[in-house]
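Notes follow once the structure below has been shown.
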Amino acid sequence: MHKQRAIEISESPMMKNVSYQGTPVFIQHVNDDGTARIYSLDKSEQELTVSLESLIEY
């Protein structure tokens, strides 16, 4: 995913369909180093920092 699109999704009031390794996720924050802080919609207590390239909008 491109950095600008990830930022748009993270700032949007509307929920977007994004996945990480096949799991629906919420983008909490986009970092300057090409990563994003995410959490699974099923397990919101498990936050991860992942590469933007590993996120897919569907």
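We label chains A, B, ... in the order they appear in the structure tokens, count residues from 1 in each chain, and number ligands from 1 in the order shown.
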Check your understanding: Quick one: residues within 8 Å of Ser54 of chain A, only C-alpha atoms counted, chain neighbours fewer than 6 positions away excluded, as a list in words?
Key -> Met1, Tyr20 and Gln21 of chain A
Practice item. Just list the residues in chain A DSSP gives strand (DSSP E) on the backbone, as a PyMOL selection string. Key: chain A and resi 18-20+23-30+35-40+47-51+55-57
**Study point:** Neighbour list for segment 49-51 of chain A as a PyMOL selection string, cut-off 12 Å, only C-alpha atoms, skip fewer than 2 positions in-chain
**Key:** chain A and resi 1-3+6+19-21+25-40+46-47+53-56
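For chain A, a DSSP pass over the backbone yields alpha helix (DSSP H) at Lys3, Gln4, Arg5, Ala6, Ile7, Glu8, Ile9, Ser10 and Glu11 of chain A.
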Review point. What gap, in Å, lies between atom CA of Tyr58 of chain A and atom CA of Glu8 of chain A?
Key: 14.9 Å
**Study point:** Top pick for closest residue to Arg5 of chain A, considering A:Val18, A:Leu41, A:Leu48, A:Pro24 and counting only C-alpha atoms
**Key:**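 Looking only at the distances to Arg5 of chain A, the closest residue turns out to be A:Val18.
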